[in-house]
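Peer 1: I am attaching a structure below and will ask some questions about it afterwards.
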Amino acid sequence: MTLTAIIFAGILTYFTRMTMIALISRDMLGDKIKAVLEYVPSAVFPAIIFPGIFISDFGTFIEMNDPKIFGALVAVIVGYFSKNIIATISAGLISYWFLIFVVFN
Amino acid sequence: MLTKKQLFTRGMLDISPHMLSVIPFGIICGAIGVELGFHPYLVYAMSFIIFGGASQIVFLQLLSGGASSLVAVASVGIINSRHLLYGAVLSEYLEKLSFIKKLLISYVVVDQGFAESNKFFKKNRGEEFLHYHLIGTGCTMWVCWQIATLSGIVLGSFVPDELGLKFAIPLTFIAIVVQDLKKLDHVIVMITCGLSSLLFFDAPFKSYIIISPIIALFVAALLLRLKK
């Protein structure tokens, strides 16, 4: 039963991946649409970033002094200047751990 | 002109830093599935059949919370509908491929792989075998995801909860978009998307994840019109 649901979910997910790649050709997208699609990364990823920071595991808004906000800010600053993915992730995690294990402990 | 092998390797290298967040997250996903009481084989089957990070956790949480299969399947479909946008962007670079190759390559399109390959594609439009970069990012992600979720299933949550490693996921995506903060139009689009995602967070079926990009792309279209 659960396996059937997983298979359906998998087929559906595969279709989301395949549809535009396999069924759309360049001529079907006008220049205007292509110009808008340039913004896809900026238009999609914040929908993963913002809830990941501002919403708690219980689905509620976090307090404004939550360590995750500080960790995210550090990651933004380090990422902006270092242009390095590992530095960005590590800086965010380490500053977050510093707050939860050292400062707020 | 880079060879297929060089492009594949380049793709692997470009996505590998993201494994710093993907691997802990995969372990957590595997462990949560077993903790929620699902059979280990089913939890692993999801990594192979669905192969979609957060949607796998949501699926199991919904089912264990008593939701119907239909609701769980629909939620996975909606969460993963963002791939339609990735596909629309990538189609331009993949259009020379045969239909079969397009069908195969589609299976390994993931968030981070799309982000890194898209960056590479924009700078190297002339390369003949560009798609090997996407295969490189996708296959690296696939292998790491399978190993990570399997480890989580077998070993349980050996990553301590207190570390809050789920926080590595927003950080990975910060690393992807942070350089675009230099451009005001991108900043406006990002803030629109981010605020919309918080505003619509409680919308049914986790649909905030596709509603907010659509709103943000409308804003992007408006900005393009203003620029002219």
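Each chain of the structure tokens is named A, B, ... in the order shown, its residues numbered from 1; ligands are numbered from 1 in display order.
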When you look at Arg125 of chain B with a cut-off of 9 Å (counting only C-alpha atoms), what residues show up, excluding the ones that are within fewer than 5 positions of it in the same chain? I need them as a VMD selection string.
Peer 2: chain B and resid 93 120 130
Peer 1: Can you tell me, as a list of chain:residue names, what residues are no more than 9 Å from Ala35 of chain A when counting only C-alpha atoms, ignoring any on the same chain fewer than 4 positions away?
Peer 2: A:Gly30, A:Asp31, A:Tyr39, B:Ala221, B:Leu224
Peer 1: Output as a ChimeraX atom specification all residues of chain A that backbone DSSP marks as alpha helix (DSSP H).
Peer 2: /A:2-23,31-37,40-44,46-54,67-82,85-97
Peer 1: With only C-alpha atoms as the counted atoms, please give the residues lying no more than 12 Å from Phe45 of chain A, apart from itself and same-chain residues fewer than 3 positions off, as a PyMOL selection string.
Peer 2: (chain A and resi 39-42+48-52) or (chain B and resi 82-83+85-86+111-112+114-115+169-178+180+186+189-194+197+208-210+212-213+216)
Peer 1: Please report, as a tab-separated table, each residue of chain A lying at most 8 Å from chain B, together with the nearest pair of atoms and the separation in Å rounded to one decimal; use only C-alpha atoms, and order rows by chain and ascending residue number.
Peer 2:
```
residue	atom	partner	partner_atom	distance
A:Thr2	CA	B:Ser69	CA	7.5
A:Leu3	CA	B:Leu42	CA	6.6
A:Ala5	CA	B:Ser69	CA	6.0
A:Ile6	CA	B:Met46	CA	6.4
A:Ile7	CA	B:Ile49	CA	6.5
A:Phe8	CA	B:Val73	CA	6.7
A:Ala9	CA	B:Val73	CA	4.9
A:Gly10	CA	B:Ile50	CA	4.0
A:Ile11	CA	B:Ile50	CA	7.6
A:Leu12	CA	B:Gly77	CA	5.6
A:Thr13	CA	B:Gly77	CA	5.7
A:Tyr14	CA	B:Tyr107	CA	6.3
A:Thr16	CA	B:Leu84	CA	5.3
A:Arg17	CA	B:His83	CA	5.1
A:Met18	CA	B:Ser106	CA	4.9
A:Thr19	CA	B:Leu84	CA	6.9
A:Met20	CA	B:Gly87	CA	4.8
A:Ile21	CA	B:Ser91	CA	4.7
A:Ala22	CA	B:Lys102	CA	5.5
A:Ile24	CA	B:Ser91	CA	6.7
A:Ser25	CA	B:Glu95	CA	6.3
A:Arg26	CA	B:Glu92	CA	5.6
A:Lys34	CA	B:Val89	CA	7.7
A:Ala35	CA	B:Leu224	CA	8.0
A:Val36	CA	B:Ala221	CA	5.7
A:Leu37	CA	B:Val89	CA	6.1
A:Glu38	CA	B:Val89	CA	7.6
A:Tyr39	CA	B:Ala220	CA	6.8
A:Val40	CA	B:Leu85	CA	6.8
A:Pro41	CA	B:Ala115	CA	6.8
A:Ser42	CA	B:Met190	CA	5.2
A:Ala43	CA	B:Pro213	CA	4.8
A:Val44	CA	B:Pro213	CA	4.9
A:Phe45	CA	B:Phe173	CA	6.3
A:Pro46	CA	B:Gly194	CA	4.8
A:Ala47	CA	B:Ser197	CA	5.2
A:Ile48	CA	B:Pro170	CA	6.3
A:Ile49	CA	B:Pro170	CA	4.3
A:Phe50	CA	B:Gly194	CA	5.3
A:Pro51	CA	B:Leu198	CA	6.2
A:Gly52	CA	B:Pro170	CA	5.4
A:Ile53	CA	B:Pro170	CA	6.8
A:Phe54	CA	B:Leu198	CA	7.9
A:Ile55	CA	B:Leu198	CA	8.0
A:Lys68	CA	B:Phe167	CA	7.6
A:Ala72	CA	B:Leu171	CA	6.7
A:Ala75	CA	B:Leu171	CA	6.8
A:Val76	CA	B:Val178	CA	6.3
A:Gly79	CA	B:Ala175	CA	5.9
A:Tyr80	CA	B:Val178	CA	5.7
A:Lys83	CA	B:Gln179	CA	7.3
A:Asn84	CA	B:Ala175	CA	7.5
A:Ile85	CA	B:Ala175	CA	5.3
A:Ile86	CA	B:Pro17	CA	5.6
A:Thr88	CA	B:Ala175	CA	5.9
A:Ile89	CA	B:Leu171	CA	5.3
A:Gly92	CA	B:Leu171	CA	6.7
A:Leu93	CA	B:Ala168	CA	6.8
A:Trp97	CA	B:Leu163	CA	7.2
```
Peer 1: Taking C-alpha atoms for each residue, export the selection above as a CSV table (one decimal), in the first residue's frame.
Peer 2:
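Dumped everything to part10.csv:
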```csv
chain,number,residue,atom,x,y,z
A,2,THR,CA,2.7,2.5,1.1
A,3,LEU,CA,4.9,1.2,-1.7
A,5,ALA,CA,2.0,5.5,-3.0
A,6,ILE,CA,5.7,5.8,-3.2
A,7,ILE,CA,5.7,4.6,-6.8
A,8,PHE,CA,3.0,7.1,-7.7
A,9,ALA,CA,4.9,9.9,-5.9
A,10,GLY,CA,8.0,8.8,-7.8
A,11,ILE,CA,6.3,8.9,-11.2
A,12,LEU,CA,4.8,12.3,-10.4
A,13,THR,CA,8.3,13.6,-9.3
A,14,TYR,CA,9.9,12.2,-12.4
A,16,THR,CA,8.1,17.3,-12.9
A,17,ARG,CA,11.7,16.7,-13.9
A,18,MET,CA,11.2,15.4,-17.4
A,19,THR,CA,8.2,17.4,-18.7
A,20,MET,CA,10.0,20.7,-19.5
A,21,ILE,CA,13.3,19.1,-20.6
A,22,ALA,CA,11.8,16.5,-23.0
A,24,ILE,CA,9.7,21.9,-24.7
A,25,SER,CA,11.8,23.1,-27.6
A,26,ARG,CA,13.7,26.4,-27.7
A,34,LYS,CA,13.6,33.3,-21.4
A,35,ALA,CA,14.6,36.6,-19.9
A,36,VAL,CA,12.2,35.9,-16.9
A,37,LEU,CA,13.6,32.4,-16.6
A,38,GLU,CA,17.0,34.0,-15.9
A,39,TYR,CA,15.6,34.7,-12.5
A,40,VAL,CA,14.6,31.1,-11.6
A,41,PRO,CA,17.4,30.5,-9.0
A,42,SER,CA,16.6,33.8,-7.3
A,43,ALA,CA,12.9,33.1,-7.5
A,44,VAL,CA,13.0,29.5,-6.2
A,45,PHE,CA,15.7,29.1,-3.6
A,46,PRO,CA,14.6,31.7,-1.1
A,47,ALA,CA,11.4,29.6,-0.7
A,48,ILE,CA,13.8,26.9,0.8
A,49,ILE,CA,16.0,29.4,2.6
A,50,PHE,CA,13.5,31.5,4.4
A,51,PRO,CA,11.3,28.8,6.0
A,52,GLY,CA,14.5,26.9,6.8
A,53,ILE,CA,15.6,29.8,9.0
A,54,PHE,CA,12.4,31.5,10.2
A,55,ILE,CA,10.1,28.5,10.8
A,68,LYS,CA,19.6,30.6,13.2
A,72,ALA,CA,22.3,32.8,8.4
A,75,ALA,CA,26.8,32.7,6.2
A,76,VAL,CA,25.6,35.5,3.9
A,79,GLY,CA,29.6,33.6,1.3
A,80,TYR,CA,29.5,37.1,-0.3
A,83,LYS,CA,32.6,33.0,-2.9
A,84,ASN,CA,33.2,29.6,-1.4
A,85,ILE,CA,30.4,27.1,-0.7
A,86,ILE,CA,32.2,25.1,2.1
A,88,THR,CA,29.6,29.6,3.6
A,89,ILE,CA,28.1,26.5,5.1
A,92,GLY,CA,26.9,29.5,9.2
A,93,LEU,CA,26.9,26.2,11.2
A,97,TRP,CA,26.7,26.1,17.2
```
Peer 1: Find the spatial neighbours of Ile147 of chain B, counting only C-alpha atoms, within a cut-off of 12 Å - ignore same-chain residues fewer than 6 positions away - and output them as number ranges by chain.
Peer 2: B: 19, 22-27, 29-30, 44, 47-48, 140-141, 153-155
Peer 1: Restricting it to N, CA and C atoms, dump the selection as a PDB file, in the first residue's frame.
Peer 2:
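Wrote it out as again_4.pdb, contents follow:
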```
ATOM      1  N   MET B  19      27.766  18.641  -0.655  1.00  0.00           N
ATOM      2  CA  MET B  19      27.581  17.379   0.073  1.00  0.00           C
ATOM      3  C   MET B  19      27.769  17.579   1.580  1.00  0.00           C
ATOM      4  N   VAL B  22      24.238  18.047   2.236  1.00  0.00           N
ATOM      5  CA  VAL B  22      23.354  16.999   1.713  1.00  0.00           C
ATOM      6  C   VAL B  22      23.508  15.691   2.506  1.00  0.00           C
ATOM      7  N   ILE B  23      24.756  15.329   2.823  1.00  0.00           N
ATOM      8  CA  ILE B  23      24.975  14.045   3.497  1.00  0.00           C
ATOM      9  C   ILE B  23      24.354  14.010   4.899  1.00  0.00           C
ATOM     10  N   PRO B  24      24.598  15.001   5.755  1.00  0.00           N
ATOM     11  CA  PRO B  24      23.903  14.969   7.049  1.00  0.00           C
ATOM     12  C   PRO B  24      22.385  14.963   6.892  1.00  0.00           C
ATOM     13  N   PHE B  25      21.879  15.733   5.931  1.00  0.00           N
ATOM     14  CA  PHE B  25      20.431  15.785   5.724  1.00  0.00           C
ATOM     15  C   PHE B  25      19.898  14.426   5.286  1.00  0.00           C
ATOM     16  N   GLY B  26      20.647  13.737   4.413  1.00  0.00           N
ATOM     17  CA  GLY B  26      20.244  12.406   3.963  1.00  0.00           C
ATOM     18  C   GLY B  26      20.195  11.414   5.118  1.00  0.00           C
ATOM     19  N   ILE B  27      21.200  11.504   6.000  1.00  0.00           N
ATOM     20  CA  ILE B  27      21.235  10.620   7.167  1.00  0.00           C
ATOM     21  C   ILE B  27      20.001  10.874   8.040  1.00  0.00           C
ATOM     22  N   CYS B  29      17.134  12.137   7.060  1.00  0.00           N
ATOM     23  CA  CYS B  29      15.945  11.640   6.346  1.00  0.00           C
ATOM     24  C   CYS B  29      15.757  10.145   6.546  1.00  0.00           C
ATOM     25  N   GLY B  30      16.849   9.387   6.386  1.00  0.00           N
ATOM     26  CA  GLY B  30      16.765   7.946   6.558  1.00  0.00           C
ATOM     27  C   GLY B  30      16.354   7.577   7.972  1.00  0.00           C
ATOM     28  N   TYR B  44      14.100   3.265   2.141  1.00  0.00           N
ATOM     29  CA  TYR B  44      15.140   3.341   1.123  1.00  0.00           C
ATOM     30  C   TYR B  44      14.550   3.447  -0.277  1.00  0.00           C
ATOM     31  N   SER B  47      14.267   6.862  -1.652  1.00  0.00           N
ATOM     32  CA  SER B  47      15.458   7.558  -2.142  1.00  0.00           C
ATOM     33  C   SER B  47      15.739   7.189  -3.591  1.00  0.00           C
ATOM     34  N   PHE B  48      15.352   5.963  -3.934  1.00  0.00           N
ATOM     35  CA  PHE B  48      15.592   5.484  -5.295  1.00  0.00           C
ATOM     36  C   PHE B  48      14.465   5.940  -6.227  1.00  0.00           C
ATOM     37  N   THR B 140      26.635  12.586  -8.871  1.00  0.00           N
ATOM     38  CA  THR B 140      27.286  12.775  -7.576  1.00  0.00           C
ATOM     39  C   THR B 140      26.229  12.871  -6.485  1.00  0.00           C
ATOM     40  N   MET B 141      25.222  13.694  -6.765  1.00  0.00           N
ATOM     41  CA  MET B 141      24.136  13.877  -5.807  1.00  0.00           C
ATOM     42  C   MET B 141      23.431  12.549  -5.550  1.00  0.00           C
ATOM     43  N   ILE B 153      19.253   4.935   7.664  1.00  0.00           N
ATOM     44  CA  ILE B 153      18.315   3.837   7.906  1.00  0.00           C
ATOM     45  C   ILE B 153      18.983   2.751   8.744  1.00  0.00           C
ATOM     46  N   VAL B 154      20.217   2.405   8.391  1.00  0.00           N
ATOM     47  CA  VAL B 154      20.900   1.291   9.051  1.00  0.00           C
ATOM     48  C   VAL B 154      21.376   1.687  10.452  1.00  0.00           C
ATOM     49  N   LEU B 155      21.975   2.866  10.546  1.00  0.00           N
ATOM     50  CA  LEU B 155      22.617   3.238  11.808  1.00  0.00           C
ATOM     51  C   LEU B 155      21.714   4.054  12.717  1.00  0.00           C
TER      52      LEU B 155
END
```
Peer 1: Between atom CA of Ala31 of chain B and atom CA of Gly71 of chain A, what is the distance in Å, rounded to a tenth?
Peer 2: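 For atom CA of Ala31 of chain B relative to atom CA of Gly71 of chain A, the distance reads 25.1 Å.
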Peer 1: Calculated over only C-alpha atoms, which of the candidates B:Ser207, B:Thr9, B:Ser64, B:Thr149 has the smallest distance to Leu134 of chain B?
Peer 2: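 The shortest atom-to-atom distance to Leu134 of chain B comes from B:Thr9.
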Peer 1: Please determine, counting only C-alpha atoms, which residue among B:Leu7, B:Ile28, B:Leu13, B:Met1 has the shortest atom-to-atom distance to Leu150 of chain B.
Peer 2: B:Ile28
Peer 1: Grab the atom CA of Arg10 of chain B to atom CA of His133 of chain B distance for me, in Å with one decimal place.
Peer 2: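 Between atom CA of Arg10 of chain B and atom CA of His133 of chain B the gap works out to 6.4 Å.
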Peer 1: Just to confirm, what's the straight-line distance from atom CA of Ile94 of chain A to atom CA of Ile57 of chain B in Å (one decimal)?
Peer 2: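 Atom-to-atom, atom CA of Ile94 of chain A and atom CA of Ile57 of chain B are spaced 25.3 Å apart.
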